[in-house]
Amino acid sequence: MKLYAFDVDDTLEISNGPVRLADMQALRNSGHIIGLCGNWGLFTRSVRNWYEHVSFIGPMLLAKADYLIELRTYVYAESYVMVGNDPRIFGASDDATAAREAGFRFIREAEFADGMR
C-alpha cells in the first residue's frame with residue numbers, strides 16, 4: 001500500500017492539469033491511500049462527494065514539506081509519493097522540493113498522467 005499526495009493546481013484535471021480524477025480513484029480502489037497536498041478548497045468545491053475520493057486533505061496552516069512529514073510520521077504506508085509540479089518544467093508550486101525535503105518520491109503531473117506510478 002502506497003500513500004499518494006496530490007497537488008491540485010496545474011496537476012489535477014479540475015485545475016487545467018493532466019491528472020484525471022478517475023486515475024486517482026483507480027489507485028484508491030486498488031487499496032492505496034489517496035489525498036491532497038495542495039488547493040484542497042478548490043477540490044472540495046469542484047468535486048461532488050469529494051470525501052469519497054480522498055482520505056486526507058491539506059495542508060492547513062503548514063508548509064507542504066511539513067505536512068508531508070506529518071503524513072509520513074503518522075500514516076503508515078509501504079512508500080510515500082507526491083504527485084505535482086516542478087516549476088522548472090511546469091506549474092507554479094515547487095512540489096518537487098517539498099517531496100524531497102519530506103522523503104517522498106516525486107512524480108511530475110505529466111509523468112503520472114502518462115502512467116508512471
# chains A, B, ... in the order shown; residues from 1 in each chain; ligands from 1
>>> residues_around(residues="Ile69 in chain A", least_positions_apart="5", cutoff="12 Å", atoms="only C-alpha atoms", output="compact mmCIF listing (two decimals) with N, CA and C atoms, in the first residue's frame")
# COMPACT_ATOMS: atom_id res chain seq x y z
N ALA A 5 0.09 11.66 -2.30
CA ALA A 5 -0.36 13.02 -2.00
C ALA A 5 -0.33 13.80 -3.32
N CYS A 37 -2.38 17.42 -1.19
CA CYS A 37 -1.40 18.30 -0.58
C CYS A 37 -1.32 19.51 -1.48
N PRO A 59 -2.41 20.98 2.82
CA PRO A 59 -2.07 21.30 4.21
C PRO A 59 -2.93 22.44 4.75
N LEU A 62 0.23 24.66 7.56
CA LEU A 62 1.58 24.10 7.47
C LEU A 62 2.11 24.29 6.06
N ALA A 63 3.42 24.37 5.95
CA ALA A 63 4.05 24.34 4.63
C ALA A 63 3.90 22.93 4.06
N LYS A 64 3.96 22.81 2.75
CA LYS A 64 3.77 21.49 2.12
C LYS A 64 4.76 20.45 2.65
N TYR A 74 2.72 9.87 10.81
CA TYR A 74 1.51 9.36 11.46
C TYR A 74 0.65 8.42 10.62
N VAL A 75 0.93 8.29 9.32
CA VAL A 75 0.14 7.41 8.47
C VAL A 75 1.08 6.35 7.88
N TYR A 76 0.87 5.09 8.28
CA TYR A 76 1.73 4.02 7.78
C TYR A 76 1.42 3.71 6.32
N TYR A 80 5.83 6.42 0.04
CA TYR A 80 5.15 7.71 0.02
C TYR A 80 5.50 8.43 -1.28
N VAL A 81 4.46 8.92 -1.97
CA VAL A 81 4.62 9.52 -3.29
C VAL A 81 3.90 10.87 -3.33
N MET A 82 4.57 11.88 -3.83
CA MET A 82 3.96 13.19 -4.08
C MET A 82 3.85 13.36 -5.58
N ALA A 98 9.38 20.13 -1.98
CA ALA A 98 8.64 19.70 -0.78
C ALA A 98 8.74 18.18 -0.61
N ALA A 99 8.57 17.45 -1.70
CA ALA A 99 8.65 15.99 -1.65
C ALA A 99 10.04 15.54 -1.20
N ARG A 100 11.07 16.13 -1.80
CA ARG A 100 12.45 15.77 -1.44
C ARG A 100 12.72 16.05 0.03
N GLU A 101 12.29 17.21 0.52
CA GLU A 101 12.53 17.57 1.92
C GLU A 101 11.81 16.63 2.89
N ALA A 102 10.68 16.06 2.45
CA ALA A 102 9.90 15.19 3.32
C ALA A 102 10.22 13.71 3.13
N GLY A 103 11.11 13.38 2.21
CA GLY A 103 11.46 11.99 1.98
C GLY A 103 10.44 11.24 1.14
N PHE A 104 9.64 11.95 0.35
CA PHE A 104 8.68 11.35 -0.56
C PHE A 104 9.32 11.16 -1.93
>>> residues_around(residues="Met24 in chain A", least_positions_apart="5", cutoff="10 Å", atoms="only C-alpha atoms", output="ChimeraX atom specification")
/A:4,6,12,19,29-30,32-35,53-54
>>> closest_residue(among="A:Arg48, A:Arg72, A:Arg108, A:Arg28", to="Asn85 in chain A", atoms="only C-alpha atoms")
A:Arg108
>>> closest_residue(among="A:Ala22, A:Ile14, A:Met60, A:Ala65", to="Ser46 in chain A", atoms="only C-alpha atoms")
A:Ile14
>>> atom_distance(atom1="CA of Gly41 in chain A", atom2="CA of Leu61 in chain A")
13.3 Å
>>> select_by_dssp(residues="range 1-112 of chain A", states="strand (DSSP E)", output="ChimeraX atom specification")
/A:2-6,33-36,79-84,105-108
>>> write_last_selection(atoms="all heavy atoms", output="short mmCIF file (atom, residue, chain, number, x, y, z; two decimals), in the first residue's frame")
data_model
loop_
_atom_site.label_atom_id
_atom_site.label_comp_id
_atom_site.auth_asym_id
_atom_site.auth_seq_id
_atom_site.Cartn_x
_atom_site.Cartn_y
_atom_site.Cartn_z
N LYS A 2 0.62 2.12 -0.95
CA LYS A 2 1.35 3.39 -1.04
C LYS A 2 0.44 4.53 -0.60
O LYS A 2 -0.78 4.43 -0.70
CB LYS A 2 1.80 3.66 -2.48
CG LYS A 2 2.79 2.65 -3.02
CD LYS A 2 3.14 2.98 -4.45
CE LYS A 2 4.08 1.92 -5.01
NZ LYS A 2 4.39 2.20 -6.43
N LEU A 3 1.05 5.59 -0.14
CA LEU A 3 0.33 6.82 0.13
C LEU A 3 0.69 7.80 -0.98
O LEU A 3 1.87 8.07 -1.21
CB LEU A 3 0.72 7.39 1.49
CG LEU A 3 -0.01 8.67 1.91
CD1 LEU A 3 -0.21 8.69 3.42
CD2 LEU A 3 0.72 9.92 1.46
N TYR A 4 -0.33 8.29 -1.67
CA TYR A 4 -0.15 9.29 -2.73
C TYR A 4 -0.73 10.61 -2.26
O TYR A 4 -1.91 10.69 -1.90
CB TYR A 4 -0.90 8.87 -4.00
CG TYR A 4 -0.26 7.75 -4.76
CD1 TYR A 4 -0.55 6.43 -4.47
CD2 TYR A 4 0.63 8.01 -5.80
CE1 TYR A 4 0.02 5.38 -5.18
CE2 TYR A 4 1.22 6.99 -6.52
CZ TYR A 4 0.90 5.67 -6.20
OH TYR A 4 1.47 4.65 -6.91
N ALA A 5 0.09 11.66 -2.30
CA ALA A 5 -0.36 13.02 -2.00
C ALA A 5 -0.33 13.80 -3.32
O ALA A 5 0.71 13.88 -3.97
CB ALA A 5 0.56 13.67 -0.98
N PHE A 6 -1.48 14.33 -3.71
CA PHE A 6 -1.60 15.04 -4.98
C PHE A 6 -1.71 16.54 -4.76
O PHE A 6 -2.52 17.00 -3.95
CB PHE A 6 -2.86 14.58 -5.73
CG PHE A 6 -2.74 13.21 -6.32
CD1 PHE A 6 -3.03 12.09 -5.57
CD2 PHE A 6 -2.34 13.04 -7.64
CE1 PHE A 6 -2.93 10.82 -6.11
CE2 PHE A 6 -2.23 11.77 -8.19
CZ PHE A 6 -2.52 10.65 -7.42
N ILE A 33 -3.67 4.69 -0.32
CA ILE A 33 -4.17 5.87 0.40
C ILE A 33 -3.97 7.07 -0.53
O ILE A 33 -2.86 7.33 -0.98
CB ILE A 33 -3.40 6.08 1.71
CG1 ILE A 33 -3.53 4.85 2.60
CG2 ILE A 33 -3.91 7.33 2.43
CD1 ILE A 33 -2.56 4.84 3.77
N ILE A 34 -5.05 7.79 -0.79
CA ILE A 34 -5.03 8.90 -1.73
C ILE A 34 -5.46 10.17 -1.01
O ILE A 34 -6.47 10.16 -0.28
CB ILE A 34 -6.00 8.64 -2.91
CG1 ILE A 34 -5.72 7.30 -3.57
CG2 ILE A 34 -5.95 9.79 -3.91
CD1 ILE A 34 -4.32 7.14 -4.09
N GLY A 35 -4.72 11.25 -1.20
CA GLY A 35 -5.11 12.51 -0.57
C GLY A 35 -4.53 13.70 -1.28
O GLY A 35 -3.89 13.58 -2.32
N LEU A 36 -4.78 14.87 -0.69
CA LEU A 36 -4.39 16.13 -1.30
C LEU A 36 -3.33 16.84 -0.48
O LEU A 36 -3.39 16.86 0.75
CB LEU A 36 -5.60 17.05 -1.41
CG LEU A 36 -6.80 16.50 -2.17
CD1 LEU A 36 -7.93 17.50 -2.12
CD2 LEU A 36 -6.44 16.16 -3.60
N SER A 79 5.27 2.97 1.00
CA SER A 79 6.05 4.05 0.39
C SER A 79 5.16 5.28 0.25
O SER A 79 3.93 5.20 0.33
CB SER A 79 6.63 3.63 -0.96
OG SER A 79 5.61 3.33 -1.88
N TYR A 80 5.83 6.42 0.04
CA TYR A 80 5.15 7.71 0.02
C TYR A 80 5.50 8.43 -1.28
O TYR A 80 6.67 8.54 -1.64
CB TYR A 80 5.59 8.55 1.22
CG TYR A 80 5.26 7.86 2.53
CD1 TYR A 80 6.12 6.91 3.08
CD2 TYR A 80 4.08 8.14 3.19
CE1 TYR A 80 5.81 6.27 4.27
CE2 TYR A 80 3.76 7.50 4.38
CZ TYR A 80 4.62 6.57 4.91
OH TYR A 80 4.30 5.93 6.08
N VAL A 81 4.46 8.92 -1.97
CA VAL A 81 4.62 9.52 -3.29
C VAL A 81 3.90 10.87 -3.33
O VAL A 81 2.74 10.96 -2.93
CB VAL A 81 4.05 8.61 -4.39
CG1 VAL A 81 4.23 9.24 -5.76
CG2 VAL A 81 4.67 7.22 -4.34
N MET A 82 4.57 11.88 -3.83
CA MET A 82 3.96 13.19 -4.08
C MET A 82 3.85 13.36 -5.58
O MET A 82 4.83 13.19 -6.31
CB MET A 82 4.83 14.30 -3.48
CG MET A 82 4.41 15.71 -3.84
SD MET A 82 2.99 16.24 -2.88
CE MET A 82 2.44 17.65 -3.81
N VAL A 83 2.64 13.69 -6.06
CA VAL A 83 2.40 13.96 -7.48
C VAL A 83 2.09 15.44 -7.62
O VAL A 83 1.16 15.94 -6.98
CB VAL A 83 1.23 13.12 -8.02
CG1 VAL A 83 0.98 13.44 -9.49
CG2 VAL A 83 1.50 11.63 -7.83
N GLY A 84 2.88 16.14 -8.41
CA GLY A 84 2.66 17.57 -8.54
C GLY A 84 3.58 18.22 -9.53
O GLY A 84 3.99 17.61 -10.51
N ARG A 105 8.90 10.15 -2.65
CA ARG A 105 9.26 10.02 -4.06
C ARG A 105 8.39 11.02 -4.82
O ARG A 105 7.21 11.17 -4.51
CB ARG A 105 9.00 8.60 -4.57
CG ARG A 105 9.44 8.38 -6.00
CD ARG A 105 9.44 6.89 -6.35
NE ARG A 105 8.12 6.32 -6.33
CZ ARG A 105 7.34 6.13 -7.41
NH1 ARG A 105 7.78 6.49 -8.59
NH2 ARG A 105 6.16 5.59 -7.29
N PHE A 106 8.94 11.70 -5.79
CA PHE A 106 8.21 12.72 -6.54
C PHE A 106 7.92 12.24 -7.95
O PHE A 106 8.80 11.70 -8.62
CB PHE A 106 9.00 14.03 -6.60
CG PHE A 106 8.32 15.09 -7.40
CD1 PHE A 106 7.18 15.72 -6.90
CD2 PHE A 106 8.78 15.45 -8.65
CE1 PHE A 106 6.53 16.71 -7.64
CE2 PHE A 106 8.15 16.43 -9.39
CZ PHE A 106 7.01 17.05 -8.88
N ILE A 107 6.67 12.43 -8.39
CA ILE A 107 6.28 12.15 -9.78
C ILE A 107 5.67 13.43 -10.34
O ILE A 107 4.71 13.96 -9.76
CB ILE A 107 5.27 10.99 -9.88
CG1 ILE A 107 5.84 9.70 -9.31
CG2 ILE A 107 4.83 10.80 -11.33
CD1 ILE A 107 4.85 8.55 -9.29
N ARG A 108 6.20 13.93 -11.45
CA ARG A 108 5.61 15.10 -12.11
C ARG A 108 4.22 14.74 -12.62
O ARG A 108 3.96 13.60 -13.00
CB ARG A 108 6.47 15.55 -13.28
CG ARG A 108 7.69 16.35 -12.86
CD ARG A 108 8.47 16.94 -14.03
NE ARG A 108 7.62 17.41 -15.10
CZ ARG A 108 7.53 16.83 -16.32
NH1 ARG A 108 8.25 15.77 -16.60
NH2 ARG A 108 6.74 17.32 -17.24
#
>>> select_by_dssp(residues="chain A", states="alpha helix (DSSP H)", output="PyMOL selection string")
chain A and resi 21-29+40-46+64-74+95-102+109-113
>>> closest_residue(among="A:Phe90, A:Gly58, A:Glu78, A:Ala96", to="Asn39 in chain A", atoms="only C-alpha atoms")
A:Gly58
>>> closest_residue(among="A:Ser15, A:Leu68, A:Asp86, A:Ala110", to="Arg45 in chain A", atoms="only C-alpha atoms")
A:Ser15
>>> atom_distance(atom1="CA of Gly91 in chain A", atom2="CA of Gly17 in chain A")
8.9 Å
>>> closest_residue(among="A:Arg88, A:Phe56, A:Asp23, A:Glu111", to="Glu70 in chain A", atoms="only C-alpha atoms")
A:Phe56
>>> atom_distance(atom1="CA of Trp40 in chain A", atom2="CA of Arg117 in chain A")
21.8 Å
